[in-house]
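Below is work.txt, which holds compact mmCIF, C-alpha atoms.
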```
# COMPACT_ATOMS: atom_id res chain seq x y z
CA MET C 7 18.98 13.87 3.74
CA ALA C 8 17.75 10.46 2.62
CA LYS C 9 20.02 7.43 2.90
CA ILE C 10 19.15 4.86 0.24
CA ILE C 11 21.57 1.99 -0.37
CA PRO C 12 21.89 -1.06 -2.65
CA PHE C 13 21.59 -4.57 -1.23
CA LYS C 14 22.25 -8.17 -2.20
CA ALA C 15 18.82 -9.48 -3.06
CA VAL C 16 17.72 -13.06 -2.84
CA ARG C 17 15.59 -13.59 -5.94
CA PRO C 18 14.12 -16.32 -8.13
CA THR C 19 15.94 -17.90 -11.02
CA ARG C 20 14.89 -16.38 -14.32
CA ASP C 21 12.93 -19.46 -15.40
CA LYS C 22 10.79 -19.54 -12.25
CA VAL C 23 10.14 -15.91 -11.40
CA SER C 24 6.71 -15.86 -13.04
CA LEU C 25 5.71 -18.92 -11.02
CA ILE C 26 7.00 -17.57 -7.72
CA ALA C 27 5.74 -13.97 -7.83
CA ALA C 28 2.51 -13.57 -5.86
CA ARG C 29 0.19 -10.78 -4.86
CA SER C 30 -0.26 -10.09 -1.16
CA TYR C 31 -1.89 -13.04 0.62
CA ASP C 32 -5.04 -11.14 1.59
CA SER C 33 -5.71 -9.94 -1.97
CA TYR C 34 -6.71 -13.46 -3.06
CA THR C 35 -10.07 -15.05 -2.36
CA GLN C 36 -10.00 -18.37 -0.54
CA GLU C 37 -10.79 -20.14 -3.81
CA GLN C 38 -7.95 -18.35 -5.63
CA ARG C 39 -5.46 -19.21 -2.90
CA GLU C 40 -6.48 -22.85 -2.93
CA SER C 41 -6.10 -23.00 -6.70
CA ARG C 42 -2.63 -21.48 -6.69
CA LEU C 43 -1.40 -23.58 -3.80
CA ARG C 44 -2.77 -26.75 -5.40
CA ASP C 45 -1.55 -26.13 -8.95
CA ASN C 46 1.69 -24.18 -8.51
CA PRO C 47 4.35 -25.70 -6.23
CA PHE C 48 6.61 -22.66 -6.76
CA SER C 49 4.15 -19.96 -5.67
CA PHE C 50 5.44 -17.71 -2.90
CA LEU C 51 2.11 -18.43 -1.22
CA HIS C 52 3.58 -21.79 -0.13
CA ILE C 53 6.14 -19.87 1.94
CA VAL C 54 3.70 -17.51 3.64
CA ASN C 55 1.06 -20.23 4.11
CA PRO C 56 3.19 -23.15 5.32
CA GLY C 57 0.25 -24.94 6.92
CA TYR C 58 -1.09 -25.87 3.48
CA LYS C 59 1.41 -28.72 3.41
CA TYR C 60 -0.34 -30.27 6.42
CA HIS C 61 -3.89 -29.15 5.51
CA LYS C 62 -3.98 -27.15 8.71
CA GLU C 63 -4.30 -23.49 9.68
CA ILE C 64 -1.23 -22.48 11.67
CA SER C 65 -0.69 -19.16 13.45
CA GLY C 66 1.67 -17.32 15.77
CA GLU C 67 5.25 -18.37 16.44
CA GLN C 68 4.67 -21.82 14.98
CA ARG C 69 3.65 -20.30 11.67
CA TYR C 70 6.62 -17.90 11.67
CA SER C 71 9.05 -20.80 12.15
CA LEU C 72 7.46 -22.80 9.36
CA VAL C 73 7.58 -19.78 7.04
CA ARG C 74 11.31 -19.67 7.70
CA ASN C 75 11.57 -23.40 6.99
CA ARG C 76 9.68 -23.15 3.68
CA TYR C 77 11.87 -20.25 2.62
CA GLN C 78 15.03 -22.20 3.38
CA GLU C 79 13.66 -25.18 1.43
CA PHE C 80 13.12 -22.98 -1.63
CA LYS C 81 16.73 -21.79 -1.34
CA GLU C 82 18.07 -25.32 -0.86
CA ASP C 83 16.17 -26.46 -3.96
CA GLY C 84 17.83 -23.75 -6.06
CA VAL C 85 14.60 -21.85 -6.63
CA PHE C 86 16.20 -18.69 -5.22
CA ILE C 87 19.66 -17.32 -5.90
CA ASP C 88 21.78 -14.84 -3.95
CA ASP C 89 23.17 -11.81 -5.77
CA GLU C 90 26.89 -11.50 -5.19
CA LYS C 91 27.15 -7.70 -5.35
CA PRO C 92 24.98 -5.03 -3.70
CA SER C 93 22.60 -3.80 -6.35
CA PHE C 94 19.80 -1.41 -7.03
CA TYR C 95 16.90 -2.99 -8.94
CA ILE C 96 15.06 -1.02 -11.59
CA TYR C 97 11.50 -2.32 -11.57
CA LYS C 98 8.90 -1.53 -14.20
CA ILE C 99 5.25 -2.57 -14.05
CA VAL C 100 2.69 -2.18 -16.82
CA ASN C 101 -0.65 -3.11 -15.31
CA ARG C 102 -3.74 -4.54 -16.95
CA ASP C 103 -5.19 -1.02 -17.39
CA GLY C 104 -2.11 0.16 -19.27
CA LEU C 105 -0.70 2.23 -16.40
CA GLU C 106 3.10 2.20 -16.25
CA PHE C 107 5.22 2.50 -13.11
CA ASN C 108 8.99 2.84 -13.03
CA GLY C 109 11.01 2.80 -9.83
CA ILE C 110 13.98 1.52 -7.91
CA VAL C 111 13.99 -1.29 -5.36
CA ALA C 112 16.52 -0.43 -2.65
CA ALA C 113 17.11 -0.44 1.09
CA ALA C 114 15.82 2.56 3.07
CA SER C 115 17.13 3.60 6.47
CA THR C 116 15.23 2.98 9.72
CA GLU C 117 17.08 6.01 11.13
CA ASP C 118 15.50 8.11 8.39
CA TYR C 119 12.15 6.67 9.46
CA LYS C 120 12.88 7.56 13.07
CA ASN C 121 14.03 11.10 12.22
CA ASN C 122 11.07 11.80 9.92
CA VAL C 123 13.16 12.03 6.78
CA ILE C 124 10.79 9.29 5.67
CA LYS C 125 7.41 10.87 6.37
CA LYS C 126 4.14 9.20 7.30
CA HIS C 127 0.54 10.19 6.67
CA GLU C 128 -1.36 7.23 8.13
CA GLU C 129 -1.99 6.00 11.67
CA THR C 130 -0.78 2.50 12.50
CA LEU C 131 -2.06 -0.02 15.02
CA GLN C 132 0.51 -0.83 17.68
CA TYR C 133 -0.48 -4.48 17.98
CA LYS C 134 -0.02 -4.95 14.21
CA GLU C 135 3.41 -3.32 14.39
CA VAL C 136 4.50 -5.68 17.18
CA VAL C 137 3.05 -8.81 15.55
CA PHE C 138 4.79 -8.12 12.25
CA LYS C 139 8.02 -7.21 14.04
CA GLU C 140 8.04 -10.63 15.72
CA TYR C 141 7.29 -12.25 12.36
CA LEU C 142 10.26 -10.48 10.75
CA LYS C 143 12.53 -11.37 13.66
CA THR C 144 11.74 -15.07 13.25
CA VAL C 145 11.75 -15.39 9.46
CA GLY C 146 14.78 -13.15 8.88
CA PHE C 147 13.64 -11.69 5.56
CA ASN C 148 11.24 -9.24 3.99
CA ALA C 149 9.64 -10.03 0.64
CA GLU C 150 7.21 -7.12 0.26
CA ALA C 151 8.68 -3.67 -0.34
CA VAL C 152 7.38 -0.48 1.26
CA LEU C 153 6.23 1.95 -1.42
CA LEU C 154 8.06 5.28 -1.09
CA THR C 155 7.61 8.29 -3.32
CA HIS C 156 9.97 11.16 -4.07
CA PRO C 157 9.93 14.34 -6.17
CA ASP C 158 10.51 13.77 -9.86
CA ASN C 159 14.22 13.95 -10.59
CA GLU C 160 15.79 14.29 -14.03
CA ASP C 161 19.02 12.52 -13.06
CA LEU C 162 17.17 9.48 -11.72
CA SER C 163 14.84 9.46 -14.71
CA GLU C 164 17.82 9.44 -17.07
CA ILE C 165 19.51 6.60 -15.17
CA VAL C 166 16.32 4.53 -15.20
CA SER C 167 15.74 5.20 -18.91
CA ASN C 168 19.30 4.23 -19.83
CA VAL C 169 19.14 1.00 -17.84
CA MET C 170 15.81 0.06 -19.38
CA GLU C 171 17.35 0.21 -22.86
CA THR C 172 19.26 -2.96 -21.98
CA ARG C 173 17.86 -6.49 -21.73
CA ALA C 174 15.80 -7.00 -18.58
CA GLU C 175 16.84 -9.72 -16.15
CA TYR C 176 13.13 -10.53 -15.73
CA GLU C 177 10.20 -9.99 -18.06
CA PHE C 178 6.99 -11.82 -17.26
CA THR C 179 3.24 -11.37 -17.40
CA THR C 180 1.01 -12.66 -14.64
CA THR C 181 -2.42 -14.25 -14.92
CA TYR C 182 -3.68 -10.91 -13.58
CA ARG C 183 -2.34 -9.47 -16.88
CA ASP C 184 0.28 -7.22 -15.29
CA THR C 185 3.69 -7.26 -16.99
CA HIS C 186 6.79 -6.97 -14.80
CA TYR C 187 10.36 -6.08 -15.76
CA LEU C 188 13.44 -6.01 -13.54
CA TRP C 189 17.02 -4.92 -14.19
CA ASN C 190 19.75 -5.31 -11.56
CA VAL C 191 22.23 -2.43 -11.39
CA ASP C 192 25.55 -3.22 -9.72
CA ASP C 193 28.18 -1.17 -11.56
CA GLU C 194 29.85 1.17 -9.08
CA THR C 195 29.44 4.37 -11.10
CA THR C 196 25.67 4.04 -11.47
CA VAL C 197 25.23 2.80 -7.89
CA SER C 198 27.15 5.81 -6.55
CA LYS C 199 25.13 8.22 -8.66
CA ILE C 200 21.81 6.80 -7.47
CA LYS C 201 22.95 7.04 -3.83
CA GLU C 202 24.10 10.61 -4.39
CA VAL C 203 20.81 11.71 -5.94
CA PHE C 204 18.79 10.32 -3.04
CA SER C 205 21.18 11.85 -0.50
CA GLU C 206 20.26 15.27 -1.86
CA MET C 207 16.54 14.74 -1.18
CA GLU C 208 15.25 16.28 2.03
CA SER C 209 12.29 13.92 2.40
CA LEU C 210 10.72 10.73 1.15
CA TYR C 211 7.06 9.87 1.70
CA ILE C 212 5.44 6.55 2.52
CA ALA C 213 2.75 5.95 -0.08
CA ASP C 214 1.89 2.40 1.03
CA GLY C 215 3.32 0.19 3.77
CA HIS C 216 3.06 2.15 7.01
CA HIS C 217 2.81 -0.98 9.17
CA ARG C 218 5.70 -2.70 7.39
CA SER C 219 7.99 0.28 7.83
CA ALA C 220 6.97 0.77 11.47
CA SER C 221 7.63 -2.92 12.21
CA SER C 222 11.02 -2.74 10.51
CA PHE C 223 11.95 0.22 12.70
CA LEU C 224 10.88 -1.64 15.86
CA LEU C 225 12.90 -4.67 14.74
CA ALA C 226 15.98 -2.52 14.20
CA GLU C 227 15.62 -1.06 17.70
CA ASP C 228 15.34 -4.54 19.24
CA LEU C 229 18.32 -5.97 17.37
CA LYS C 230 20.39 -2.87 18.00
CA GLU C 231 19.82 -3.20 21.74
CA ALA C 232 20.73 -6.90 21.64
CA ASN C 233 23.92 -6.35 19.63
CA ASP C 234 26.88 -5.18 21.73
CA ASN C 235 28.87 -4.62 18.53
CA HIS C 236 26.20 -2.61 16.73
CA THR C 237 27.69 -0.33 14.05
CA GLY C 238 24.63 1.00 12.23
CA ASN C 239 25.61 -0.76 9.02
CA GLU C 240 23.90 -4.08 9.76
CA PRO C 241 21.14 -5.10 7.32
CA TYR C 242 18.51 -4.82 10.07
CA ASN C 243 19.05 -1.04 10.00
CA TYR C 244 17.30 -0.91 6.62
CA PHE C 245 14.10 -2.13 5.02
CA MET C 246 13.30 -2.99 1.42
CA SER C 247 11.52 -0.21 -0.45
CA TYR C 248 10.27 0.56 -3.93
CA LEU C 249 10.95 4.22 -4.69
CA ILE C 250 8.98 5.86 -7.47
CA PRO C 251 8.59 9.48 -8.61
CA GLU C 252 5.46 11.33 -7.56
CA SER C 253 4.25 11.54 -11.16
CA ASP C 254 4.14 7.73 -11.37
CA LEU C 255 2.05 7.33 -8.23
CA LYS C 256 -1.60 6.50 -8.88
CA ILE C 257 -4.02 7.23 -6.04
CA TYR C 258 -7.64 6.12 -6.02
CA GLU C 259 -10.24 7.12 -3.48
CA PHE C 260 -12.01 4.86 -1.00
CA ASN C 261 -15.78 5.37 -1.11
CA ARG C 262 -17.84 4.84 2.04
CA LEU C 263 -20.88 2.61 2.65
CA VAL C 264 -22.99 2.78 5.82
CA LYS C 265 -25.48 0.13 6.89
CA ASP C 266 -28.17 2.42 8.38
CA LEU C 267 -29.15 6.04 9.04
CA ASN C 268 -28.57 5.84 12.79
CA GLY C 269 -32.29 5.71 13.59
CA LEU C 270 -33.21 8.61 11.31
CA SER C 271 -35.78 8.55 8.54
CA LYS C 272 -34.62 9.52 5.06
CA GLU C 273 -36.23 12.95 5.42
CA GLU C 274 -34.73 13.56 8.88
CA PHE C 275 -31.32 12.58 7.58
CA LEU C 276 -31.53 14.97 4.60
CA ILE C 277 -32.67 17.82 6.85
CA GLN C 278 -29.64 17.33 9.09
CA LEU C 279 -27.36 17.19 6.04
CA ASP C 280 -28.78 20.50 4.82
CA ALA C 281 -27.13 22.32 7.73
CA MET C 282 -23.67 21.68 6.27
CA PHE C 283 -24.32 20.94 2.59
CA ARG C 284 -26.19 22.28 -0.39
CA ILE C 285 -28.04 19.19 -1.63
CA GLU C 286 -29.14 18.48 -5.19
CA ASN C 287 -31.22 15.42 -6.02
CA ARG C 288 -29.85 13.96 -9.24
CA GLY C 289 -32.43 11.18 -9.40
CA LEU C 290 -31.26 8.25 -11.52
CA GLU C 291 -28.45 10.31 -13.08
CA TYR C 292 -25.15 8.62 -12.28
CA TYR C 293 -23.10 11.16 -10.37
CA LYS C 294 -19.47 11.48 -9.28
CA PRO C 295 -17.97 14.46 -7.47
CA THR C 296 -16.37 17.04 -9.76
CA GLN C 297 -14.32 19.08 -7.30
CA LYS C 298 -12.90 19.01 -3.81
CA GLN C 299 -15.33 19.48 -0.89
CA ASN C 300 -18.02 18.02 -3.14
CA PHE C 301 -19.42 14.51 -2.53
CA SER C 302 -21.75 12.13 -4.29
CA MET C 303 -24.32 10.23 -2.26
CA TYR C 304 -26.54 7.32 -3.20
CA LEU C 305 -29.64 6.83 -1.06
CA ASP C 306 -32.95 5.06 -1.64
CA GLY C 307 -32.42 4.55 -5.38
CA GLU C 308 -31.29 8.11 -6.11
CA PHE C 309 -28.03 10.00 -6.55
CA TYR C 310 -27.37 13.26 -4.75
CA SER C 311 -24.63 15.86 -4.99
CA LEU C 312 -23.46 17.40 -1.72
CA TYR C 313 -21.64 20.76 -1.77
CA LEU C 314 -20.01 21.84 1.49
CA ARG C 315 -21.31 25.13 2.89
CA LYS C 316 -17.91 26.73 3.37
CA ASN C 317 -19.18 29.37 5.80
CA SER C 318 -20.21 26.53 8.15
CA TYR C 319 -16.87 24.70 8.17
CA THR C 320 -13.51 25.93 9.43
CA ILE C 321 -10.21 24.75 7.95
CA ASN C 322 -7.23 25.12 10.29
CA ASN C 323 -4.77 22.67 8.76
CA ALA C 324 -4.17 20.26 5.87
CA LEU C 325 -6.20 17.50 7.53
CA ASP C 326 -9.27 19.71 7.92
CA ALA C 327 -9.19 20.34 4.16
CA LEU C 328 -9.13 16.63 3.29
CA ASP C 329 -12.41 15.34 1.85
CA ALA C 330 -12.33 12.12 3.89
CA GLN C 331 -11.93 14.17 7.07
CA ILE C 332 -14.71 16.57 6.05
CA LEU C 333 -17.05 13.64 5.45
CA PHE C 334 -16.16 12.18 8.85
CA THR C 335 -16.55 15.38 10.87
CA THR C 336 -19.73 16.62 9.17
CA ILE C 337 -21.70 13.44 8.38
CA LEU C 338 -20.30 10.11 9.52
CA LYS C 339 -19.65 11.03 13.15
CA PRO C 340 -22.26 13.67 14.10
CA ILE C 341 -25.20 12.39 12.04
CA LEU C 342 -24.62 8.68 11.38
CA GLY C 343 -22.87 7.96 14.69
CA VAL C 344 -19.78 6.34 13.16
CA GLU C 345 -17.02 7.34 15.59
CA ASP C 346 -14.45 4.59 15.04
CA LEU C 347 -13.67 4.49 11.34
CA ARG C 348 -11.36 1.51 11.72
CA ASN C 349 -13.49 -0.84 13.81
CA ASP C 350 -17.16 0.15 13.47
CA GLN C 351 -18.95 -2.71 11.71
CA ARG C 352 -21.57 -0.36 10.27
CA ILE C 353 -19.14 1.16 7.78
CA LYS C 354 -17.38 -0.43 4.82
CA TYR C 355 -14.87 0.94 2.33
CA THR C 356 -14.64 0.21 -1.37
CA ASP C 357 -11.77 1.45 -3.50
CA GLY C 358 -12.49 3.87 -6.29
CA LYS C 359 -11.54 1.37 -8.98
CA SER C 360 -14.96 -0.16 -8.29
CA ASP C 361 -16.53 3.30 -8.71
CA MET C 362 -19.99 4.49 -7.64
CA ALA C 363 -21.60 1.76 -9.72
CA TYR C 364 -20.58 -0.73 -7.04
CA VAL C 365 -21.89 1.60 -4.33
CA GLN C 366 -25.21 1.76 -6.16
CA THR C 367 -25.38 -2.02 -6.49
CA VAL C 368 -24.80 -2.86 -2.82
CA VAL C 369 -27.17 -0.14 -1.62
CA ASP C 370 -29.88 -1.40 -3.97
CA THR C 371 -29.50 -4.92 -2.59
CA GLY C 372 -30.25 -3.61 0.92
CA GLU C 373 -26.87 -4.61 2.34
CA PHE C 374 -26.19 -0.90 2.95
CA THR C 375 -28.48 2.09 3.24
CA VAL C 376 -26.33 4.93 2.00
CA GLY C 377 -23.07 5.35 0.08
CA PHE C 378 -20.74 8.31 -0.36
CA GLY C 379 -18.33 8.98 -3.22
CA LEU C 380 -15.17 11.08 -2.95
CA LEU C 381 -12.44 12.35 -5.25
CA PRO C 382 -8.96 10.81 -4.97
CA VAL C 383 -6.41 12.45 -2.69
CA ARG C 384 -3.77 14.43 -4.55
CA VAL C 385 -0.10 13.67 -3.91
CA SER C 386 0.32 17.29 -2.80
CA GLU C 387 -2.40 16.80 -0.15
CA MET C 388 -0.76 13.61 1.12
CA LYS C 389 2.61 15.35 1.39
CA LYS C 390 1.21 18.41 3.13
CA ILE C 391 -0.51 16.27 5.76
CA ALA C 392 2.73 14.33 6.34
CA ASP C 393 4.75 17.57 6.49
CA GLU C 394 2.44 18.93 9.18
CA GLY C 395 2.80 15.72 11.19
CA LEU C 396 -0.87 14.85 10.79
CA LYS C 397 -2.50 11.53 9.91
CA MET C 398 -5.26 10.76 7.44
CA PRO C 399 -8.38 8.83 8.46
CA PRO C 400 -8.23 5.08 7.73
CA LYS C 401 -8.93 3.96 4.17
CA THR C 402 -8.36 7.32 2.55
CA THR C 403 -6.03 6.25 -0.27
CA PHE C 404 -5.84 3.17 -2.48
CA VAL C 405 -2.40 3.40 -4.03
CA LEU C 406 -0.84 1.81 -7.09
CA PRO C 407 1.48 0.17 -7.93
CA LYS C 408 1.16 -3.02 -5.92
CA LEU C 409 4.32 -5.10 -6.09
CA ARG C 410 4.48 -8.88 -6.21
CA SER C 411 6.01 -10.70 -3.28
CA GLY C 412 9.05 -12.89 -3.91
CA VAL C 413 10.62 -11.04 -6.84
CA THR C 414 13.30 -9.46 -4.65
CA ILE C 415 13.85 -10.53 -1.04
CA TYR C 416 15.76 -8.60 1.61
CA GLU C 417 17.53 -10.66 4.31
CA PHE C 418 18.76 -9.30 7.64
```

What's the structure tokens form of this structure?
Amino acid sequence: MAKIIPFKAVRPTRDKVSLIAARSYDSYTQEQRESRLRDNPFSFLHIVNPGYKYHKEISGEQRYSLVRNRYQEFKEDGVFIDDEKPSFYIYKIVNRDGLEFNGIVAAASTEDYKNNVIKKHEETLQYKEVVFKEYLKTVGFNAEAVLLTHPDNEDLSEIVSNVMETRAEYEFTTTYRDTHYLWNVDDETTVSKIKEVFSEMESLYIADGHHRSASSFLLAEDLKEANDNHTGNEPYNYFMSYLIPESDLKIYEFNRLVKDLNGLSKEEFLIQLDAMFRIENRGLEYYKPTQKQNFSMYLDGEFYSLYLRKNSYTINNALDALDAQILFTTILKPILGVEDLRNDQRIKYTDGKSDMAYVQTVVDTGEFTVGFGLLPVRVSEMKKIADEGLKMPPKTTFVLPKLRSGVTIYEF
């Protein structure tokens, strides 16, 4: 059963939260980062990019130490405050497209991660796990929650709705036009009820943040081994998470772009495709897939629909039935020679928010030769793959919501 607990967050003062909150560092262009660092002295980007102060790129242990220093400076200057009581944090996001997400920021158990109560569907890179673990060990805090999803629950929904009828501690809109609301919940009755509801759930699922959760688990193992008085209740035994119901989760697809046809002519490529797919040339008609095991393709100025020949493909498990896996095993690997989906420089991924129009544009420019469009993964597919202990190919899901860093911070 899942162990979810409240924690004492470090968080911005109400008057500065909109200035501090930042998207993930990599989501900004270089120009955007420079603008925010130059014009906003309170941006959380100053903490995660401490070298800006010295106009120098800094990496490794030196960067980690300076991140810790910047964080402490923000606390010393009164930019951050410490909550006095362990709390759950109801967090609502209404994004620029009008999508609404309601969830609870809390601490999730690394033991649950270890014991597969918290289930994974994505492969992680060991070197990334270790690098981020060392980062966490040095800085002593986590400012970006792991996104966990759980079955819809009437009791939780009622609690969240009741809390949201009161005045929010935070309410701010970003320049990205997302509006954020946060309520802190510290009364013992409500806290106990939330803990109880989660304790009755058999499983939680990682929707986004596989590397962060893996690194937090490794950190807990290291600190546990180094602590002769380890009890299991230390803050390092948990990691900050944002838990939302499955119905609130929004999953987009990642479409695929490939630079060349692996030495094949257009006609040779189509002939090889015909062995596994029924192909229809849609010409200039904009086309998106309409059902599972159906793909759109853009090649040489024309759209195609590809329908899997089901008598030529065997499905043995949940992964085999996944469209991204079908595309890999029938086209990308055997025909186009893309064997390493994570590192091959001939393939690029573009999230479905950009749609096939973007695929068409970059193929027409000659940057890529062919593009493939997929349907989004369903939550039920993601869960089934995790339940079977399988892992999706890289860049299979683009998941919303994306939280801002610096709104709630978990120290350990």

- Select, counting all atoms listed in the file, all protein, DNA and RNA residues no farther than 7 Å from (17.1, -1.6, -15.6) in file coordinates, and express the selection as a PyMOL selection string. chain C and resi 95-97+166+169-170+172+174+188-191

- Gap from CA of Glu82 (chain C) to CA of Leu142 (chain C) - Å, one decimal: 20.4 Å

- Item | Residues near region 322-339 of chain C, cut-off 8 Å, all atoms listed in the file, skip fewer than 3 positions along chain, as a PyMOL selection string | chain C and resi 279+282+298-300+342-345+380-381+383+387+390-391+394+396-399+402

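Reported to one decimal place, the separation of CA of Phe48 (chain C) from CA of Ser221 (chain C) is 27.4 Å.
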
Taking (-20.0, 3.1, 10.1) as a centre in this file's frame and 12 Å as the limit, can you find every polymer residue with an atom that close, using all atoms listed in the file, and give them as a CSV table (one decimal) with C-alpha atoms, keeping the file's coordinate frame?
```
chain,number,residue,atom,x,y,z
C,262,ARG,CA,-17.8,4.8,2.0
C,263,LEU,CA,-20.9,2.6,2.6
C,264,VAL,CA,-23.0,2.8,5.8
C,265,LYS,CA,-25.5,0.1,6.9
C,266,ASP,CA,-28.2,2.4,8.4
C,267,LEU,CA,-29.2,6.0,9.0
C,268,ASN,CA,-28.6,5.8,12.8
C,333,LEU,CA,-17.0,13.6,5.4
C,334,PHE,CA,-16.2,12.2,8.8
C,337,ILE,CA,-21.7,13.4,8.4
C,338,LEU,CA,-20.3,10.1,9.5
C,339,LYS,CA,-19.6,11.0,13.2
C,340,PRO,CA,-22.3,13.7,14.1
C,341,ILE,CA,-25.2,12.4,12.0
C,342,LEU,CA,-24.6,8.7,11.4
C,343,GLY,CA,-22.9,8.0,14.7
C,344,VAL,CA,-19.8,6.3,13.2
C,345,GLU,CA,-17.0,7.3,15.6
C,346,ASP,CA,-14.4,4.6,15.0
C,347,LEU,CA,-13.7,4.5,11.3
C,348,ARG,CA,-11.4,1.5,11.7
C,349,ASN,CA,-13.5,-0.8,13.8
C,350,ASP,CA,-17.2,0.2,13.5
C,351,GLN,CA,-19.0,-2.7,11.7
C,352,ARG,CA,-21.6,-0.4,10.3
C,353,ILE,CA,-19.1,1.2,7.8
C,354,LYS,CA,-17.4,-0.4,4.8
C,355,TYR,CA,-14.9,0.9,2.3
C,374,PHE,CA,-26.2,-0.9,3.0
C,375,THR,CA,-28.5,2.1,3.2
C,376,VAL,CA,-26.3,4.9,2.0
C,377,GLY,CA,-23.1,5.4,0.1
C,378,PHE,CA,-20.7,8.3,-0.4
```

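The space separating CA of Glu231 (chain C) from CA of Phe245 (chain C) comes to 17.7 Å.
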
- Within 12 Å of Asn108 (chain C), counting all atoms listed in the file, which residues qualify if same-chain residues fewer than 6 places away don't, as a PyMOL selection string? chain C and resi 95-101+153+155+158+162-167+169-170+186-189+248-256+406-407+409

Around all of region 65-73 of chain C's listed atoms, make the axis-aligned box with 5 Å on each side and tell me centre and edge lengths in Å to one decimal, as lines of an AutoDock Vina configuration file.
```
center_x = 4.2
center_y = -20.1
center_z = 11.7
size_x = 19.7
size_y = 15.5
size_z = 19.4
```

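Nearest residue to Met303 (chain C) among C:Asp357, C:Val365, C:Phe50, C:Tyr258 is C:Val365, counting all atoms listed in the file.
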
Who sits within 6 Å of Ser302 (chain C), only C-alpha atoms, same chain under 3 positions skipped, as a CSV table (one decimal) with C-alpha atoms, in the frame of the given file:
```
chain,number,residue,atom,x,y,z
C,294,LYS,CA,-19.5,11.5,-9.3
C,295,PRO,CA,-18.0,14.5,-7.5
C,310,TYR,CA,-27.4,13.3,-4.8
C,311,SER,CA,-24.6,15.9,-5.0
C,378,PHE,CA,-20.7,8.3,-0.4
C,379,GLY,CA,-18.3,9.0,-3.2
```

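With all atoms listed in the file as the basis for measurement, C:Phe147 is the residue among C:Tyr211, C:Phe147, C:Tyr319, C:Phe404 that approaches Tyr70 (chain C) most closely.
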
Writing C-alpha atoms and nothing else, produce region 335-372 of chain C as a tab-separated table (two decimals), in the first residue's frame.
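Ended up saving to out-v3.tsv:
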```
chain	number	residue	atom	x	y	z
C	335	THR	CA	10.17	-3.13	-34.68
C	336	THR	CA	8.56	-2.92	-38.13
C	337	ILE	CA	10.05	0.24	-39.70
C	338	LEU	CA	12.67	2.16	-37.75
C	339	LYS	CA	14.97	-0.76	-36.94
C	340	PRO	CA	14.60	-3.28	-39.81
C	341	ILE	CA	14.11	-0.85	-42.70
C	342	LEU	CA	15.63	2.49	-41.66
C	343	GLY	CA	18.45	1.01	-39.56
C	344	VAL	CA	17.69	3.01	-36.41
C	345	GLU	CA	18.65	0.60	-33.63
C	346	ASP	CA	19.41	2.98	-30.75
C	347	LEU	CA	16.38	5.19	-30.28
C	348	ARG	CA	18.05	7.21	-27.55
C	349	ASN	CA	21.40	8.02	-29.15
C	350	ASP	CA	21.11	7.65	-32.94
C	351	GLN	CA	21.61	11.11	-34.45
C	352	ARG	CA	19.49	10.23	-37.48
C	353	ILE	CA	16.24	10.32	-35.51
C	354	LYS	CA	14.52	13.23	-33.79
C	355	TYR	CA	11.35	13.43	-31.72
C	356	THR	CA	8.76	16.18	-31.69
C	357	ASP	CA	5.91	16.25	-29.21
C	358	GLY	CA	2.38	15.99	-30.49
C	359	LYS	CA	1.52	19.53	-29.42
C	360	SER	CA	3.47	20.57	-32.53
C	361	ASP	CA	1.37	18.14	-34.60
C	362	MET	CA	2.06	16.76	-38.09
C	363	ALA	CA	2.20	20.30	-39.47
C	364	TYR	CA	5.63	20.66	-37.89
C	365	VAL	CA	6.66	17.27	-39.29
C	366	GLN	CA	5.60	18.43	-42.74
C	367	THR	CA	7.54	21.68	-42.40
C	368	VAL	CA	10.89	20.17	-41.40
C	369	VAL	CA	10.64	17.42	-44.03
C	370	ASP	CA	9.87	19.99	-46.72
C	371	THR	CA	12.96	21.99	-45.74
C	372	GLY	CA	15.13	18.92	-46.37
```
